[in-house]
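Everything below belongs to model.pdb, which stores PDB, C-alpha atoms and all ligand atoms.
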```pdb
ATOM      1  CA  MET A 186       0.000   0.000   0.000
ATOM      2  CA  THR A 187       1.727   3.146  -1.112
ATOM      3  CA  THR A 188      -0.483   5.878  -2.542
ATOM      4  CA  ILE A 189      -2.191   8.401  -0.309
ATOM      5  CA  THR A 190      -5.042  10.276  -1.924
ATOM      6  CA  ILE A 191      -6.420  13.437  -0.394
ATOM      7  CA  ASP A 192      -9.673  14.246  -2.090
ATOM      8  CA  ASN A 193     -11.417  17.605  -1.582
ATOM      9  CA  VAL A 194     -10.381  17.608   2.047
ATOM     10  CA  SER A 195     -11.152  20.410   4.482
ATOM     11  CA  ARG A 196     -10.558  20.410   8.205
ATOM     12  CA  TRP A 197     -11.651  23.082  10.578
ATOM     13  CA  PHE A 198     -11.232  23.622  14.312
ATOM     14  CA  GLY A 199     -14.144  25.739  15.584
ATOM     15  CA  ASN A 200     -14.130  28.622  13.151
ATOM     16  CA  VAL A 201     -10.451  28.193  12.115
ATOM     17  CA  VAL A 202     -10.124  26.593   8.687
ATOM     18  CA  ALA A 203      -6.790  24.745   8.882
ATOM     19  CA  VAL A 204      -7.111  22.872   5.571
ATOM     20  CA  ASN A 205      -9.299  24.225   2.800
ATOM     21  CA  ASP A 206     -10.498  21.959  -0.018
ATOM     22  CA  VAL A 207      -7.161  20.255  -0.714
ATOM     23  CA  THR A 208      -6.771  17.560  -3.363
ATOM     24  CA  MET A 209      -3.419  15.832  -3.866
ATOM     25  CA  SER A 210      -1.956  12.394  -4.295
ATOM     26  CA  ILE A 211       1.318  11.151  -2.812
ATOM     27  CA  GLY A 212       3.035   8.067  -4.153
ATOM     28  CA  PRO A 213       6.341   6.197  -3.679
ATOM     29  CA  GLY A 214       9.568   8.198  -3.369
ATOM     30  CA  VAL A 215      10.283  11.266  -1.272
ATOM     31  CA  THR A 216       7.728  14.101  -1.301
ATOM     32  CA  GLY A 217       8.235  17.415   0.471
ATOM     33  CA  LEU A 218       5.192  19.182   1.942
ATOM     34  CA  LEU A 219       6.279  22.807   1.844
ATOM     35  CA  GLY A 220       4.553  25.790   3.401
ATOM     36  CA  PRO A 221       5.015  28.614   5.898
ATOM     37  CA  ASN A 222       4.069  28.238   9.565
ATOM     38  CA  GLY A 223       0.385  27.727  10.094
ATOM     39  CA  ALA A 224      -0.182  26.586   6.493
ATOM     40  CA  GLY A 225      -1.919  23.396   7.565
ATOM     41  CA  LYS A 226       0.965  20.943   7.093
ATOM     42  CA  SER A 227       0.609  19.235  10.483
ATOM     43  CA  THR A 228      -3.149  19.008  10.076
ATOM     44  CA  LEU A 229      -2.710  17.313   6.687
ATOM     45  CA  ILE A 230      -0.092  14.901   8.062
ATOM     46  CA  ASN A 231      -2.301  14.051  11.039
ATOM     47  CA  MET A 232      -5.160  13.219   8.688
ATOM     48  CA  MET A 233      -2.834  11.027   6.556
ATOM     49  CA  ALA A 234      -1.688   9.243   9.724
ATOM     50  CA  GLY A 235      -5.240   8.573  10.910
ATOM     51  CA  PHE A 236      -4.888  10.856  13.952
ATOM     52  CA  LEU A 237      -7.541  13.264  12.728
ATOM     53  CA  ALA A 238     -10.721  12.916  10.708
ATOM     54  CA  PRO A 239     -11.273  15.287   7.793
ATOM     55  CA  SER A 240     -14.265  17.603   8.304
ATOM     56  CA  THR A 241     -15.205  16.975   4.664
ATOM     57  CA  GLY A 242     -13.615  14.971   1.844
ATOM     58  CA  SER A 243     -11.670  11.739   2.091
ATOM     59  CA  VAL A 244      -8.123  10.609   2.869
ATOM     60  CA  THR A 245      -7.334   7.122   1.594
ATOM     61  CA  LEU A 246      -4.382   4.757   1.224
ATOM     62  CA  ASP A 247      -4.654   2.787  -2.024
ATOM     63  CA  GLY A 248      -8.355   3.544  -1.992
ATOM     64  CA  THR A 249      -8.971   2.452   1.607
ATOM     65  CA  ARG A 250     -10.197   5.066   4.101
ATOM     66  CA  ILE A 251      -7.515   5.821   6.707
ATOM     67  CA  TRP A 252      -9.563   7.318   9.570
ATOM     68  CA  ARG A 253     -10.600   4.712  12.158
ATOM     69  CA  ASN A 254      -9.250   1.872  10.025
ATOM     70  CA  GLU A 255      -6.873  -0.197  12.107
ATOM     71  CA  GLU A 256      -5.798  -2.412   9.229
ATOM     72  CA  VAL A 257      -4.416   0.621   7.364
ATOM     73  CA  TYR A 258      -2.473   1.883  10.410
ATOM     74  CA  HIS A 259      -0.142  -1.113  10.066
ATOM     75  CA  HIS A 260       1.113   0.336   6.787
ATOM     76  CA  ILE A 261       1.806   3.842   8.116
ATOM     77  CA  GLY A 262       4.653   5.123  10.266
ATOM     78  CA  ILE A 263       4.654   8.651  11.671
ATOM     79  CA  VAL A 264       7.345  10.832  13.198
ATOM     80  CA  PRO A 265       5.380  13.642  14.856
ATOM     81  CA  GLU A 266       6.705  17.163  15.320
ATOM     82  CA  ARG A 267       6.287  17.211  19.078
ATOM     83  CA  GLU A 268       8.699  15.272  21.234
ATOM     84  CA  GLY A 269       6.196  13.063  23.073
ATOM     85  CA  MET A 270       8.837  10.616  24.307
ATOM     86  CA  TYR A 271       9.219   8.870  27.637
ATOM     87  CA  ASP A 272      12.580  10.124  28.834
ATOM     88  CA  PHE A 273      12.844   7.504  31.575
ATOM     89  CA  LEU A 274      12.911   4.691  28.988
ATOM     90  CA  THR A 275      15.960   3.580  27.060
ATOM     91  CA  GLY A 276      15.886   3.927  23.277
ATOM     92  CA  ALA A 277      15.423   0.166  22.963
ATOM     93  CA  GLU A 278      12.503   0.118  25.432
ATOM     94  CA  PHE A 279      10.810   3.002  23.630
ATOM     95  CA  VAL A 280      10.995   1.271  20.239
ATOM     96  CA  LEU A 281      10.052  -2.095  21.740
ATOM     97  CA  ALA A 282       6.918  -0.568  23.285
ATOM     98  CA  ASN A 283       5.767   0.512  19.841
ATOM     99  CA  ALA A 284       6.599  -2.922  18.386
ATOM    100  CA  GLU A 285       4.392  -4.480  21.099
ATOM    101  CA  LEU A 286       1.590  -1.986  20.490
ATOM    102  CA  HIS A 287       1.596  -3.087  16.859
ATOM    103  CA  GLY A 288       1.294  -6.694  18.015
ATOM    104  CA  LEU A 289       4.331  -7.802  16.020
ATOM    105  CA  PRO A 290       5.168 -11.519  16.267
ATOM    106  CA  ASP A 291       8.770 -10.889  17.377
ATOM    107  CA  PRO A 292       8.819  -7.361  18.820
ATOM    108  CA  GLY A 293      12.390  -7.648  20.148
ATOM    109  CA  ALA A 294      13.843  -8.516  16.745
ATOM    110  CA  ALA A 295      11.777  -5.806  15.037
ATOM    111  CA  ALA A 296      12.973  -3.161  17.534
ATOM    112  CA  HIS A 297      16.554  -4.276  17.071
ATOM    113  CA  ARG A 298      16.276  -4.075  13.283
ATOM    114  CA  ALA A 299      14.674  -0.607  13.378
ATOM    115  CA  LEU A 300      17.340   0.767  15.733
ATOM    116  CA  ALA A 301      20.066  -0.624  13.467
ATOM    117  CA  THR A 302      18.466   1.025  10.434
ATOM    118  CA  VAL A 303      18.782   4.458  12.057
ATOM    119  CA  GLU A 304      22.277   3.638  13.397
ATOM    120  CA  MET A 305      21.219   3.874  17.014
ATOM    121  CA  ALA A 306      22.028   0.320  18.114
ATOM    122  CA  TYR A 307      25.180   1.591  19.861
ATOM    123  CA  ALA A 308      23.181   3.856  22.202
ATOM    124  CA  GLN A 309      19.956   1.836  22.498
ATOM    125  CA  ASP A 310      20.467   0.979  26.166
ATOM    126  CA  ARG A 311      20.932   4.584  27.290
ATOM    127  CA  LYS A 312      18.013   6.525  28.736
ATOM    128  CA  ILE A 313      16.349   8.870  26.267
ATOM    129  CA  ASP A 314      16.980  11.889  28.511
ATOM    130  CA  THR A 315      20.720  11.495  27.803
ATOM    131  CA  TYR A 316      20.205  11.740  24.024
ATOM    132  CA  SER A 317      20.984  14.706  21.785
ATOM    133  CA  LYS A 318      18.180  16.176  19.676
ATOM    134  CA  GLY A 319      19.406  14.225  16.626
ATOM    135  CA  MET A 320      19.507  10.959  18.572
ATOM    136  CA  ARG A 321      15.980  11.510  19.854
ATOM    137  CA  GLN A 322      14.864  12.138  16.307
ATOM    138  CA  ARG A 323      16.477   8.895  15.165
ATOM    139  CA  VAL A 324      14.821   6.896  17.924
ATOM    140  CA  LYS A 325      11.472   8.420  16.940
ATOM    141  CA  MET A 326      12.280   7.264  13.397
ATOM    142  CA  ALA A 327      13.073   3.759  14.618
ATOM    143  CA  SER A 328       9.790   3.696  16.484
ATOM    144  CA  ALA A 329       7.940   4.802  13.329
ATOM    145  CA  LEU A 330       9.730   2.144  11.256
ATOM    146  CA  VAL A 331       9.431  -0.776  13.675
ATOM    147  CA  HIS A 332       6.491  -2.380  11.865
ATOM    148  CA  ASP A 333       8.161  -1.880   8.457
ATOM    149  CA  PRO A 334       5.488   0.494   7.089
ATOM    150  CA  SER A 335       5.238   1.256   3.378
ATOM    151  CA  VAL A 336       4.350   4.891   4.184
ATOM    152  CA  LEU A 337       6.486   7.115   6.389
ATOM    153  CA  LEU A 338       5.209  10.552   7.434
ATOM    154  CA  LEU A 339       7.527  13.039   9.145
ATOM    155  CA  ASP A 340       6.423  16.407  10.524
ATOM    156  CA  GLU A 341       9.252  18.997  10.348
ATOM    157  CA  PRO A 342      11.906  16.313  10.982
ATOM    158  CA  PHE A 343      14.876  18.651  10.442
ATOM    159  CA  ASN A 344      13.878  21.226  13.056
ATOM    160  CA  GLY A 345      16.641  21.762  15.569
ATOM    161  CA  MET A 346      19.090  19.382  13.888
ATOM    162  CA  ASP A 347      22.710  20.276  13.293
ATOM    163  CA  PRO A 348      24.084  20.011   9.707
ATOM    164  CA  ARG A 349      25.634  16.578  10.248
ATOM    165  CA  GLN A 350      22.442  15.108  11.687
ATOM    166  CA  ARG A 351      20.511  16.734   8.863
ATOM    167  CA  LEU A 352      22.684  15.067   6.201
ATOM    168  CA  HIS A 353      22.383  11.730   7.933
ATOM    169  CA  LEU A 354      18.600  11.918   8.052
ATOM    170  CA  MET A 355      18.474  13.047   4.418
ATOM    171  CA  ASP A 356      20.492   9.976   3.393
ATOM    172  CA  LEU A 357      18.204   7.739   5.364
ATOM    173  CA  LEU A 358      15.034   9.196   3.852
ATOM    174  CA  ARG A 359      16.495   9.062   0.336
ATOM    175  CA  GLN A 360      17.271   5.401   0.910
ATOM    176  CA  MET A 361      13.725   4.706   2.109
ATOM    177  CA  GLY A 362      12.311   6.500  -0.937
ATOM    178  CA  SER A 363      14.485   4.538  -3.351
ATOM    179  CA  ASP A 364      13.425   1.310  -1.629
ATOM    180  CA  GLY A 365       9.932   2.087  -2.916
ATOM    181  CA  ARG A 366       8.388   3.498   0.247
ATOM    182  CA  THR A 367       6.189   6.564   0.241
ATOM    183  CA  VAL A 368       8.061   9.134   2.319
ATOM    184  CA  LEU A 369       6.424  12.494   3.036
ATOM    185  CA  PHE A 370       8.067  15.166   5.161
ATOM    186  CA  SER A 371       6.966  18.702   5.949
ATOM    187  CA  SER A 372       9.165  21.760   6.030
ATOM    188  CA  HIS A 373       8.954  25.540   5.715
ATOM    189  CA  ILE A 374      12.411  25.753   4.095
ATOM    190  CA  LEU A 375      12.564  25.514   0.307
ATOM    191  CA  GLU A 376      16.276  24.579   0.208
ATOM    192  CA  GLU A 377      15.695  21.668   2.575
ATOM    193  CA  VAL A 378      12.904  20.344   0.405
ATOM    194  CA  GLU A 379      14.897  20.927  -2.797
ATOM    195  CA  GLN A 380      17.803  18.852  -1.575
ATOM    196  CA  LEU A 381      15.730  15.838  -0.705
ATOM    197  CA  ALA A 382      12.361  15.654  -2.380
ATOM    198  CA  SER A 383      11.811  14.470  -5.930
ATOM    199  CA  HIS A 384       8.312  15.898  -5.699
ATOM    200  CA  ILE A 385       7.004  18.963  -3.846
ATOM    201  CA  GLU A 386       3.505  19.881  -2.708
ATOM    202  CA  VAL A 387       3.104  23.488  -1.569
ATOM    203  CA  VAL A 388       0.384  24.552   0.865
ATOM    204  CA  VAL A 389      -0.327  28.107   1.948
ATOM    205  CA  ALA A 390      -3.011  29.264   4.361
ATOM    206  CA  GLY A 391      -4.738  25.887   4.239
ATOM    207  CA  ARG A 392      -4.866  25.749   0.452
ATOM    208  CA  HIS A 393      -2.950  23.660  -2.054
ATOM    209  CA  ALA A 394      -0.831  26.208  -3.902
ATOM    210  CA  ALA A 395       1.432  24.257  -6.263
ATOM    211  CA  SER A 396       2.748  20.834  -7.060
ATOM    212  CA  GLY A 397       5.728  19.568  -9.078
ATOM    213  CA  ASP A 398       9.438  18.877  -9.009
ATOM    214  CA  PHE A 399      11.721  21.456  -7.411
ATOM    215  CA  ARG A 400      12.630  23.024 -10.751
ATOM    216  CA  LYS A 401       8.990  23.830 -11.379
ATOM    217  CA  ILE A 402       8.461  25.193  -7.857
ATOM    218  CA  ARG A 403      11.690  27.229  -8.025
ATOM    219  CA  ARG A 404      10.595  28.654 -11.388
ATOM    220  CA  LEU A 405       7.171  29.585 -10.027
ATOM    221  CA  MET A 406       8.870  31.386  -7.184
ATOM    222  CA  THR A 407      11.422  33.290  -9.270
ATOM    223  CA  ASP A 408       9.033  34.157 -12.107
ATOM    224  CA  ARG A 409       6.712  36.077  -9.812
ATOM    225  CA  PRO A 410       6.914  39.913  -9.837
ATOM    226  CA  HIS A 411       9.831  41.091  -7.714
ATOM    227  CA  ARG A 412       9.962  44.368  -5.831
ATOM    228  CA  TYR A 413      13.133  46.307  -5.198
ATOM    229  CA  LEU A 414      14.112  49.406  -3.327
ATOM    230  CA  VAL A 415      16.784  51.288  -5.287
ATOM    231  CA  ARG A 416      18.784  54.405  -4.367
ATOM    232  CA  SER A 417      21.004  56.028  -6.964
ATOM    233  CA  SER A 418      22.789  59.241  -7.872
ATOM    234  CA  ASP A 419      19.894  60.209 -10.217
ATOM    235  CA  ASP A 420      16.637  58.435  -9.364
ATOM    236  CA  ARG A 421      14.510  60.290 -11.942
ATOM    237  CA  GLN A 422      16.770  59.572 -14.886
ATOM    238  CA  LEU A 423      17.153  55.948 -13.781
ATOM    239  CA  ALA A 424      13.366  55.587 -13.490
ATOM    240  CA  ALA A 425      12.815  56.971 -16.980
ATOM    241  CA  ALA A 426      15.377  54.613 -18.495
ATOM    242  CA  LEU A 427      14.098  51.518 -16.654
ATOM    243  CA  ILE A 428      10.409  52.010 -17.406
ATOM    244  CA  ALA A 429      11.220  51.926 -21.128
ATOM    245  CA  ASP A 430      12.147  48.254 -20.761
ATOM    246  CA  ALA A 431       9.495  45.510 -20.743
ATOM    247  CA  SER A 432      10.944  43.768 -17.684
ATOM    248  CA  THR A 433       9.918  46.746 -15.502
ATOM    249  CA  ALA A 434       6.238  46.720 -14.520
ATOM    250  CA  ALA A 435       6.010  49.818 -12.313
ATOM    251  CA  ILE A 436       8.158  52.463 -10.648
ATOM    252  CA  GLU A 437       7.305  54.794  -7.808
ATOM    253  CA  LEU A 438       9.374  57.597  -6.296
ATOM    254  CA  ASP A 439       9.243  57.102  -2.542
ATOM    255  CA  TRP A 440       9.884  60.538  -1.043
ATOM    256  CA  SER A 441      10.146  59.436   2.563
ATOM    257  CA  GLU A 442      12.717  56.746   1.749
ATOM    258  CA  LYS A 443      14.388  58.909  -0.918
ATOM    259  CA  ALA A 444      14.399  55.866  -3.155
ATOM    260  CA  LEU A 445      12.715  54.207  -6.106
ATOM    261  CA  ARG A 446      10.289  51.359  -5.566
ATOM    262  CA  ILE A 447      10.470  49.156  -8.607
ATOM    263  CA  GLN A 448       8.344  46.213  -9.576
ATOM    264  CA  ALA A 449      10.010  43.909 -12.097
ATOM    265  CA  ILE A 450       8.204  41.192 -14.042
ATOM    266  CA  ASP A 451      11.138  39.288 -15.448
ATOM    267  CA  PHE A 452      13.636  38.500 -12.677
ATOM    268  CA  SER A 453      16.659  37.604 -14.800
ATOM    269  CA  GLY A 454      15.914  40.326 -17.390
ATOM    270  CA  PHE A 455      15.713  42.982 -14.700
ATOM    271  CA  THR A 456      18.870  41.936 -12.859
ATOM    272  CA  GLU A 457      20.717  42.300 -16.150
ATOM    273  CA  LEU A 458      18.937  45.549 -17.109
ATOM    274  CA  LEU A 459      19.528  47.578 -13.947
ATOM    275  CA  PRO A 460      23.359  47.660 -13.906
ATOM    276  CA  ARG A 461      23.483  48.088 -17.696
ATOM    277  CA  VAL A 462      21.134  51.108 -17.669
ATOM    278  CA  ALA A 463      23.037  52.663 -14.758
ATOM    279  CA  ARG A 464      26.334  52.263 -16.587
ATOM    280  CA  GLU A 465      24.976  53.665 -19.877
ATOM    281  CA  HIS A 466      23.655  56.787 -18.130
ATOM    282  CA  GLY A 467      26.581  57.275 -15.781
ATOM    283  CA  ILE A 468      24.319  56.733 -12.755
ATOM    284  CA  ARG A 469      25.749  55.316  -9.508
ATOM    285  CA  LEU A 470      23.676  52.712  -7.670
ATOM    286  CA  TYR A 471      23.840  53.131  -3.878
ATOM    287  CA  THR A 472      21.214  50.600  -2.721
ATOM    288  CA  VAL A 473      19.526  47.701  -4.495
ATOM    289  CA  SER A 474      17.505  45.608  -2.084
ATOM    290  CA  PRO A 475      14.622  43.231  -2.594
ATOM    291  CA  SER A 476      11.632  44.439  -0.586
ATOM    292  CA  ASP A 477       9.341  41.409  -0.637
ATOM    293  CA  GLU A 478      11.549  38.408  -0.126
ATOM    294  CA  SER A 479       9.819  37.010   2.917
ATOM    295  CA  LEU A 480       8.770  33.423   2.521
ATOM    296  CA  GLU A 481       5.180  34.400   3.217
ATOM    297  CA  SER A 482       5.105  36.849   0.321
ATOM    298  CA  VAL A 483       6.625  34.274  -2.023
ATOM    299  CA  PHE A 484       4.074  31.719  -0.947
ATOM    300  CA  SER A 485       1.133  34.060  -1.095
ATOM    301  CA  TYR A 486       2.080  34.893  -4.668
ATOM    302  CA  LEU A 487       1.809  31.196  -5.479
ATOM    303  CA  VAL A 488      -1.691  31.008  -4.013
ATOM    304  CA  THR A 489      -3.015  34.020  -5.875
ATOM    305  CA  ALA A 490      -1.247  33.142  -9.168
TER     306      ALA A 490
HETATM  307  N1  LIG B   1      -6.244  21.475  17.456
HETATM  308  C1  LIG B   1      -6.382  22.692  16.942
HETATM  309  N2  LIG B   1      -7.260  23.576  17.449
HETATM  310  C2  LIG B   1      -7.408  24.813  16.912
HETATM  311  N3  LIG B   1      -6.719  25.272  15.857
HETATM  312  C3  LIG B   1      -5.803  24.453  15.315
HETATM  313  C4  LIG B   1      -5.580  23.120  15.807
HETATM  314  N4  LIG B   1      -4.627  22.545  15.060
HETATM  315  C5  LIG B   1      -4.259  23.453  14.129
HETATM  316  N5  LIG B   1      -4.969  24.598  14.272
HETATM  317  C6  LIG B   1      -4.861  25.808  13.428
HETATM  318  O1  LIG B   1      -4.894  25.402  12.073
HETATM  319  C7  LIG B   1      -3.965  26.139  11.297
HETATM  320  C8  LIG B   1      -2.989  25.187  10.627
HETATM  321  O2  LIG B   1      -2.153  24.608  11.630
HETATM  322  P1  LIG B   1      -1.065  23.488  11.344
HETATM  323  O3  LIG B   1      -0.394  23.169  12.634
HETATM  324  O4  LIG B   1      -1.668  22.391  10.569
HETATM  325  O5  LIG B   1      -0.049  24.270  10.387
HETATM  326  P2  LIG B   1       1.464  23.953  10.029
HETATM  327  O6  LIG B   1       1.613  24.283   8.577
HETATM  328  O7  LIG B   1       1.820  22.583  10.460
HETATM  329  O8  LIG B   1       2.240  25.017  10.881
HETATM  330  P3  LIG B   1       3.474  24.842  11.874
HETATM  331  O9  LIG B   1       4.640  24.571  10.995
HETATM  332  O10 LIG B   1       3.525  26.177  12.541
HETATM  333  O11 LIG B   1       3.102  23.707  12.788
HETATM  334  C9  LIG B   1      -3.321  27.126  12.236
HETATM  335  O12 LIG B   1      -4.020  28.342  12.132
HETATM  336  C10 LIG B   1      -3.520  26.504  13.594
HETATM  337  O13 LIG B   1      -3.568  27.492  14.595
END
```
Represent the structure of the file as structure tokens.
Amino acid sequence: MTTITIDNVSRWFGNVVAVNDVTMSIGPGVTGLLGPNGAGKSTLINMMAGFLAPSTGSVTLDGTRIWRNEEVYHHIGIVPEREGMYDFLTGAEFVLANAELHGLPDPGAAAHRALATVEMAYAQDRKIDTYSKGMRQRVKMASALVHDPSVLLLDEPFNGMDPRQRLHLMDLLRQMGSDGRTVLFSSHILEEVEQLASHIEVVVAGRHAASGDFRKIRRLMTDRPHRYLVRSSDDRQLAAALIADASTAAIELDWSEKALRIQAIDFSGFTELLPRVAREHGIRLYTVSPSDESLESVFSYLVTA
């Protein structure tokens, strides 16, 4: 069982709409669920894991409803965002407990295998409260993998990890994806998702904003209109020369900032145009700074596009 289908799903909490009419399908390989904080990523993952029921729509695994369907839970492993670990247990005990909860025929062997997969066998008999953040994350992974699920869901797994731990986890997830498992992880960092995911689903403010490989998502993000704040030795002459070019959509003289506010349509065209025009007119550029580079503004462009 490998393909999760989210079909016209909404989920609300009181009058907060966390997920708004989302339709997407996630198959084998590594998929990144990308979106800013509060986008609805955890809510979606919790519905895929069977922790939450959709308010409307359906979430299925190979056509079988996930919510309240114990049989399906055996095929899904989840690494939640919150810690939720019993610090007084050893790593081995923690993973074993999950193996027993799943009713596995040989829980000890399964726990041992899962801890070896995440390279934690060496520290399995230490108490969890002596573990680093990365080690805790790996034990959570082992616990999620103990029943050898075909689907692995991870909510912000890279949060708080150092670069070495991050690379290690990336290798592990890549391996799981190439073994034919369906691996879905959430993140609010495009670069993180780019490095790992062969497929990206973008959610913003509860809505499904885009879907594709990272080249497509990167292109969507760089092709949007860009805004710059520019200060120069002759703002008026610079404005007149820039507006004549098709890559410039709008220019405003901002008196309080003593600067030009420029909206460019074609990112690469404009970054080539600006220094060339300045040079041709003998104008010095003092400041060139993007004014809308926050992740939220990039994402909200994707939703309205
Ligand atoms: N149990 C809940 N009760 C009330 N509101 C909730 C609940 N769970 C989520 N929400 C709200 O739903 C929206 C989406 O939250 P969610 O945690 O799914 O987003 P997220 O993309 O995972 O963000 P983050 O990365 O910050 O966790 C937010 O506005 C959040 O406050």
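Considering only C-alpha atoms, the residue among A:Leu445, A:Ala224, A:Ala329, A:Val303 positioned nearest to Ser371 (chain A) is A:Ala224.
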Next on the checklist: Which residues would end up in the selection if the PyMOL selection byres (((not hetatm)) within 6 of (chain B and resi 1)) were applied here, given that I need the answer as a ChimeraX atom specification?
Outcome noted: /A:198,203,222-228
Selected by the PyMOL selection byres (((chain A and resi 431) around 12) and not hetatm) in the shown coordinates: which residues, as a PDB file with C-alpha atoms, in the frame of the given file?
```pdb
ATOM      1  CA  ALA A 426      15.377  54.613 -18.495  1.00  0.00           C
ATOM      2  CA  LEU A 427      14.098  51.518 -16.654  1.00  0.00           C
ATOM      3  CA  ILE A 428      10.409  52.010 -17.406  1.00  0.00           C
ATOM      4  CA  ALA A 429      11.220  51.926 -21.128  1.00  0.00           C
ATOM      5  CA  ASP A 430      12.147  48.254 -20.761  1.00  0.00           C
ATOM      6  CA  SER A 432      10.944  43.768 -17.684  1.00  0.00           C
ATOM      7  CA  THR A 433       9.918  46.746 -15.502  1.00  0.00           C
ATOM      8  CA  ALA A 434       6.238  46.720 -14.520  1.00  0.00           C
ATOM      9  CA  ALA A 435       6.010  49.818 -12.313  1.00  0.00           C
ATOM     10  CA  GLN A 448       8.344  46.213  -9.576  1.00  0.00           C
ATOM     11  CA  ALA A 449      10.010  43.909 -12.097  1.00  0.00           C
ATOM     12  CA  ILE A 450       8.204  41.192 -14.042  1.00  0.00           C
ATOM     13  CA  ASP A 451      11.138  39.288 -15.448  1.00  0.00           C
ATOM     14  CA  PHE A 452      13.636  38.500 -12.677  1.00  0.00           C
ATOM     15  CA  GLY A 454      15.914  40.326 -17.390  1.00  0.00           C
ATOM     16  CA  PHE A 455      15.713  42.982 -14.700  1.00  0.00           C
ATOM     17  CA  LEU A 458      18.937  45.549 -17.109  1.00  0.00           C
TER      18      LEU A 458
END
```
Checklist entry - What lies within 10 Å of Ala277 (chain A) using only C-alpha atoms, ignoring chain neighbours under 2 positions off, as a VMD selection string? => result chain A and resid 274 to 275 279 to 282 293 296 to 297 299 to 300 305 to 306 308 to 313 324 327 to 328
Next on the checklist: Report, in Å to a single decimal, how far apart CA of Glu266 (chain A) and CA of Thr367 (chain A) are.
Outcome noted: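 Between CA of Thr367 (chain A) and CA of Glu266 (chain A) the gap works out to 18.4 Å.
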Closest atom pairs, region 338-368 of chain A residues within 12 Å of region 246-261 of chain A, only C-alpha atoms, as JSON lines:
```
{"residue": "A:Leu338", "atom": "CA", "partner": "A:Ile261", "partner_atom": "CA", "distance": 7.6}
{"residue": "A:Leu339", "atom": "CA", "partner": "A:Ile261", "partner_atom": "CA", "distance": 10.9}
{"residue": "A:Arg366", "atom": "CA", "partner": "A:Ile261", "partner_atom": "CA", "distance": 10.3}
{"residue": "A:Thr367", "atom": "CA", "partner": "A:Ile261", "partner_atom": "CA", "distance": 9.4}
{"residue": "A:Val368", "atom": "CA", "partner": "A:Ile261", "partner_atom": "CA", "distance": 10.0}
```
Item to check | Closest of A:Asn344, A:Ser335, A:Ser396, A:Gln350 to Gly362 (chain A) - atom-to-atom distances counting only C-alpha atoms | outcome: A:Ser335
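Among A:Arg349, A:Phe273, A:Pro475, A:Thr241, the residue with the shortest atom-to-atom distance to Tyr316 (chain A), counting only C-alpha atoms, is A:Phe273.
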Next on the checklist: Just want the 9 Å neighbourhood of region 213-219 of chain A, counted on all atoms listed in the file, with same-chain residues fewer than 2 positions away dropped. Output as a PyMOL selection string.
Outcome noted: chain A and resi 187-188+211+221+224+226+335-336+358-359+361-375+377-379+381-389
Export of the given selection (C-alpha atoms) as a PDB file, in the coordinates of the input:
```
ATOM      1  CA  THR A 187       1.727   3.146  -1.112  1.00  0.00           C
ATOM      2  CA  THR A 188      -0.483   5.878  -2.542  1.00  0.00           C
ATOM      3  CA  ILE A 211       1.318  11.151  -2.812  1.00  0.00           C
ATOM      4  CA  PRO A 221       5.015  28.614   5.898  1.00  0.00           C
ATOM      5  CA  ALA A 224      -0.182  26.586   6.493  1.00  0.00           C
ATOM      6  CA  LYS A 226       0.965  20.943   7.093  1.00  0.00           C
ATOM      7  CA  SER A 335       5.238   1.256   3.378  1.00  0.00           C
ATOM      8  CA  VAL A 336       4.350   4.891   4.184  1.00  0.00           C
ATOM      9  CA  LEU A 358      15.034   9.196   3.852  1.00  0.00           C
ATOM     10  CA  ARG A 359      16.495   9.062   0.336  1.00  0.00           C
ATOM     11  CA  MET A 361      13.725   4.706   2.109  1.00  0.00           C
ATOM     12  CA  GLY A 362      12.311   6.500  -0.937  1.00  0.00           C
ATOM     13  CA  SER A 363      14.485   4.538  -3.351  1.00  0.00           C
ATOM     14  CA  ASP A 364      13.425   1.310  -1.629  1.00  0.00           C
ATOM     15  CA  GLY A 365       9.932   2.087  -2.916  1.00  0.00           C
ATOM     16  CA  ARG A 366       8.388   3.498   0.247  1.00  0.00           C
ATOM     17  CA  THR A 367       6.189   6.564   0.241  1.00  0.00           C
ATOM     18  CA  VAL A 368       8.061   9.134   2.319  1.00  0.00           C
ATOM     19  CA  LEU A 369       6.424  12.494   3.036  1.00  0.00           C
ATOM     20  CA  PHE A 370       8.067  15.166   5.161  1.00  0.00           C
ATOM     21  CA  SER A 371       6.966  18.702   5.949  1.00  0.00           C
ATOM     22  CA  SER A 372       9.165  21.760   6.030  1.00  0.00           C
ATOM     23  CA  HIS A 373       8.954  25.540   5.715  1.00  0.00           C
ATOM     24  CA  ILE A 374      12.411  25.753   4.095  1.00  0.00           C
ATOM     25  CA  LEU A 375      12.564  25.514   0.307  1.00  0.00           C
ATOM     26  CA  GLU A 377      15.695  21.668   2.575  1.00  0.00           C
ATOM     27  CA  VAL A 378      12.904  20.344   0.405  1.00  0.00           C
ATOM     28  CA  GLU A 379      14.897  20.927  -2.797  1.00  0.00           C
ATOM     29  CA  LEU A 381      15.730  15.838  -0.705  1.00  0.00           C
ATOM     30  CA  ALA A 382      12.361  15.654  -2.380  1.00  0.00           C
ATOM     31  CA  SER A 383      11.811  14.470  -5.930  1.00  0.00           C
ATOM     32  CA  HIS A 384       8.312  15.898  -5.699  1.00  0.00           C
ATOM     33  CA  ILE A 385       7.004  18.963  -3.846  1.00  0.00           C
ATOM     34  CA  GLU A 386       3.505  19.881  -2.708  1.00  0.00           C
ATOM     35  CA  VAL A 387       3.104  23.488  -1.569  1.00  0.00           C
ATOM     36  CA  VAL A 388       0.384  24.552   0.865  1.00  0.00           C
ATOM     37  CA  VAL A 389      -0.327  28.107   1.948  1.00  0.00           C
TER      38      VAL A 389
END
```
